[in-house]
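Below you'll find the structure, written out as structure tokens, and then a few comments.
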Amino acid sequence: MTILLIAEHDNATLSDQTAKALSAALQIGSDVHVLVAGNGAKPAADAAAKLKGVSKVLLAEADELTERLAEPLAALVIGMADTYDTIVAPATSSGKNVAPRVAALLDVAQVSEIIEIVSPDTFKRPIYAGNAIQTVQSSDAKKV
């Protein structure tokens, strides 16, 4: 099972949220590829390569990826999606903007705000403003 982790960065540095999302991704499977998409983002890609558990770093650089807008990033991820069983993004404003677009384009359900990985297809997440925990199992071929 190969997992694509969309890195959170500012083109120069990698956000610590990427490492946190990597910890979750490693609970799903051991083959994690990190996508660093931006412009002049090689320093962030180099930092991603140093994270324990990353098997491959993919660096995509283009003018339209400079600001890491959701539309071009989602299009990039969709172009790579056939290779991956699971696509993970940190629960940041960028991740919350890209993941639903990717899920919609793949025609799969998005499982958001995960707080625990039970198994590769079962997750726990808070509902009702955090007053209850819901266990969600996805039968989709690809998980987002």
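Following the order of the structure tokens, chains are lettered A, B, ..., residues in each are numbered from 1, and ligands are numbered from 1.
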(message) Please list as number ranges by chain every residue within 10 Å of region 119-121 of chain A, counting only C-alpha atoms and excluding residues in the same chain fewer than 5 positions away.
(response) A: 1, 25-29, 85-86, 136-143
Write out, as a PDB file, in the first residue's frame, the residues just selected, with N, CA and C atoms.
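To be explicit, this is the file written out as selection_11.pdb:
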```
ATOM      1  N   MET A   1       0.840  -1.175   0.000  1.00  0.00           N
ATOM      2  CA  MET A   1       0.000   0.000   0.000  1.00  0.00           C
ATOM      3  C   MET A   1       0.888   1.241   0.000  1.00  0.00           C
ATOM      4  N   ALA A  25       0.237   8.728   8.595  1.00  0.00           N
ATOM      5  CA  ALA A  25       0.368   7.953   7.362  1.00  0.00           C
ATOM      6  C   ALA A  25       1.117   6.649   7.599  1.00  0.00           C
ATOM      7  N   LEU A  26       2.125   6.679   8.457  1.00  0.00           N
ATOM      8  CA  LEU A  26       2.897   5.467   8.753  1.00  0.00           C
ATOM      9  C   LEU A  26       2.079   4.434   9.516  1.00  0.00           C
ATOM     10  N   GLN A  27       0.996   4.845  10.151  1.00  0.00           N
ATOM     11  CA  GLN A  27       0.104   3.892  10.814  1.00  0.00           C
ATOM     12  C   GLN A  27      -0.773   3.173   9.793  1.00  0.00           C
ATOM     13  N   ILE A  28      -0.910   3.763   8.611  1.00  0.00           N
ATOM     14  CA  ILE A  28      -1.699   3.152   7.542  1.00  0.00           C
ATOM     15  C   ILE A  28      -0.839   2.178   6.742  1.00  0.00           C
ATOM     16  N   GLY A  29       0.396   2.569   6.462  1.00  0.00           N
ATOM     17  CA  GLY A  29       1.308   1.728   5.684  1.00  0.00           C
ATOM     18  C   GLY A  29       2.719   2.263   5.774  1.00  0.00           C
ATOM     19  N   ASP A  85      -2.747   4.362  -3.006  1.00  0.00           N
ATOM     20  CA  ASP A  85      -3.961   3.818  -2.399  1.00  0.00           C
ATOM     21  C   ASP A  85      -4.592   4.821  -1.443  1.00  0.00           C
ATOM     22  N   THR A  86      -3.749   5.638  -0.814  1.00  0.00           N
ATOM     23  CA  THR A  86      -4.213   6.604   0.172  1.00  0.00           C
ATOM     24  C   THR A  86      -3.507   7.933  -0.064  1.00  0.00           C
ATOM     25  N   VAL A 136     -15.216   5.676  11.571  1.00  0.00           N
ATOM     26  CA  VAL A 136     -15.598   5.681  10.165  1.00  0.00           C
ATOM     27  C   VAL A 136     -14.806   4.619   9.437  1.00  0.00           C
ATOM     28  N   GLN A 137     -15.490   3.809   8.653  1.00  0.00           N
ATOM     29  CA  GLN A 137     -14.817   2.816   7.825  1.00  0.00           C
ATOM     30  C   GLN A 137     -15.117   3.140   6.367  1.00  0.00           C
ATOM     31  N   SER A 138     -14.076   3.236   5.579  1.00  0.00           N
ATOM     32  CA  SER A 138     -14.225   3.579   4.166  1.00  0.00           C
ATOM     33  C   SER A 138     -14.038   2.344   3.300  1.00  0.00           C
ATOM     34  N   SER A 139     -14.978   2.121   2.412  1.00  0.00           N
ATOM     35  CA  SER A 139     -14.862   0.996   1.483  1.00  0.00           C
ATOM     36  C   SER A 139     -14.380   1.455   0.108  1.00  0.00           C
ATOM     37  N   ASP A 140     -14.056   2.745  -0.020  1.00  0.00           N
ATOM     38  CA  ASP A 140     -13.547   3.264  -1.281  1.00  0.00           C
ATOM     39  C   ASP A 140     -12.201   2.648  -1.622  1.00  0.00           C
ATOM     40  N   ALA A 141     -11.934   2.478  -2.895  1.00  0.00           N
ATOM     41  CA  ALA A 141     -10.668   1.911  -3.344  1.00  0.00           C
ATOM     42  C   ALA A 141      -9.497   2.823  -2.976  1.00  0.00           C
ATOM     43  N   LYS A 142      -9.731   4.126  -3.056  1.00  0.00           N
ATOM     44  CA  LYS A 142      -8.726   5.120  -2.661  1.00  0.00           C
ATOM     45  C   LYS A 142      -9.240   5.879  -1.464  1.00  0.00           C
ATOM     46  N   LYS A 143      -8.367   6.105  -0.486  1.00  0.00           N
ATOM     47  CA  LYS A 143      -8.740   6.848   0.715  1.00  0.00           C
ATOM     48  C   LYS A 143      -8.123   8.247   0.641  1.00  0.00           C
TER      49      LYS A 143
END
```
Which residues, written as a JSON list (two decimals) with C-alpha atoms, in the first residue's frame, have at least one atom at most 8 Å from region 69-72 of chain A, with only C-alpha atoms counted and residues fewer than 2 positions away on the same chain left out?
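part_9.json written:
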```
[["chain", "number", "residue", "atom", "x", "y", "z"],
["A", 64, "GLU", "CA", 1.15, 28.01, -10.70],
["A", 65, "LEU", "CA", 2.24, 26.13, -7.55],
["A", 66, "THR", "CA", 4.04, 29.13, -6.01],
["A", 67, "GLU", "CA", 1.15, 30.07, -3.71],
["A", 74, "ALA", "CA", -5.44, 19.14, -6.67],
["A", 75, "ALA", "CA", -4.89, 18.77, -10.43],
["A", 76, "LEU", "CA", -1.30, 17.71, -9.79],
["A", 94, "SER", "CA", -4.23, 24.27, 2.86],
["A", 97, "ASN", "CA", -8.76, 23.12, 0.94],
["A", 98, "VAL", "CA", -7.03, 20.51, -1.23],
["A", 101, "ARG", "CA", -11.18, 18.72, -4.12]]
```
Can you list, as a compact mmCIF listing (two decimals) with C-alpha atoms, in the first residue's frame, all residues belonging to region 76-136 of chain A that DSSP tags as helix (DSSP H, G or I)?
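Listing of out.txt after writing:
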```
# COMPACT_ATOMS: atom_id res chain seq x y z
CA LEU A 76 -1.30 17.71 -9.79
CA VAL A 77 -2.37 15.15 -7.16
CA ILE A 78 -5.09 13.74 -9.44
CA GLY A 79 -2.48 13.24 -12.15
CA MET A 80 -0.50 11.08 -9.72
CA ALA A 81 -3.42 9.37 -7.96
CA ASP A 82 -3.32 6.09 -9.89
CA THR A 83 -0.08 5.17 -8.13
CA SER A 93 -6.12 25.41 5.96
CA SER A 94 -4.23 24.27 2.86
CA GLY A 95 -4.89 20.59 3.52
CA LYS A 96 -8.56 21.25 4.24
CA ASN A 97 -8.76 23.12 0.94
CA VAL A 98 -7.03 20.51 -1.23
CA ALA A 99 -8.28 17.19 0.21
CA PRO A 100 -12.00 17.72 -0.55
CA ARG A 101 -11.18 18.72 -4.12
CA VAL A 102 -9.02 15.63 -4.60
CA ALA A 103 -11.71 13.38 -3.11
CA ALA A 104 -14.39 14.93 -5.32
CA LEU A 105 -12.28 14.55 -8.46
CA LEU A 106 -11.60 10.91 -7.55
```
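The shortest atom-to-atom distance to Pro90 (chain A), with only C-alpha atoms taken into account, belongs to A:Ile114 out of A:Ala109, A:Asp63, A:Gly40, A:Ile114.
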(message) Taking only chain A into account, list the residues labelled strand (DSSP E) by DSSP (computed from the backbone), as number ranges by chain.
(response) A: 2-6, 31-38, 54-61, 86-88, 116-119, 122-127, 132-137
(message) Calculated over only C-alpha atoms, which of the candidates A:Thr13, A:Leu73, A:Leu22, A:Ser30 has the smallest distance to Ala45 (chain A)?
(response)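 Among the listed residues, the smallest separation from Ala45 (chain A) belongs to A:Thr13.
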(request) Point out the residue among A:Val34, A:Ala24, A:Val57, A:Ala41 with the least atom-to-atom distance to Ile115 (chain A), counting only C-alpha atoms. (result)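 Residue with the minimum atom-to-atom distance to Ile115 (chain A): A:Ala24.
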Write out as a PDB file with N, CA and C atoms, in the first residue's frame which residues come within 8 Å of Ser112 (chain A) when counting only C-alpha atoms, dropping same-chain ones fewer than 2 positions away.
```pdb
ATOM      1  N   ALA A  91      -4.134  18.546   8.592  1.00  0.00           N
ATOM      2  CA  ALA A  91      -5.397  19.252   8.857  1.00  0.00           C
ATOM      3  C   ALA A  91      -5.137  20.741   9.044  1.00  0.00           C
ATOM      4  N   GLN A 110     -14.267  11.751   1.459  1.00  0.00           N
ATOM      5  CA  GLN A 110     -13.110  12.243   2.196  1.00  0.00           C
ATOM      6  C   GLN A 110     -13.360  11.985   3.677  1.00  0.00           C
ATOM      7  N   ILE A 114      -9.117  13.328  11.237  1.00  0.00           N
ATOM      8  CA  ILE A 114      -8.829  12.034  11.866  1.00  0.00           C
ATOM      9  C   ILE A 114      -7.963  12.237  13.113  1.00  0.00           C
ATOM     10  N   ARG A 125     -12.734  10.031  14.409  1.00  0.00           N
ATOM     11  CA  ARG A 125     -12.720  11.475  14.288  1.00  0.00           C
ATOM     12  C   ARG A 125     -13.764  12.081  15.212  1.00  0.00           C
TER      13      ARG A 125
END
```
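Between Ala37 (chain A) and the candidates A:Asn131, A:Val108, A:Thr92, A:Ala12, the tightest atom-to-atom separation, counting only C-alpha atoms, involves A:Ala12.
Distance check against Val32 (chain A) using only C-alpha atoms: of A:His9, A:Lys20, A:Ala129, A:Lys56, the minimum falls on A:Lys56.
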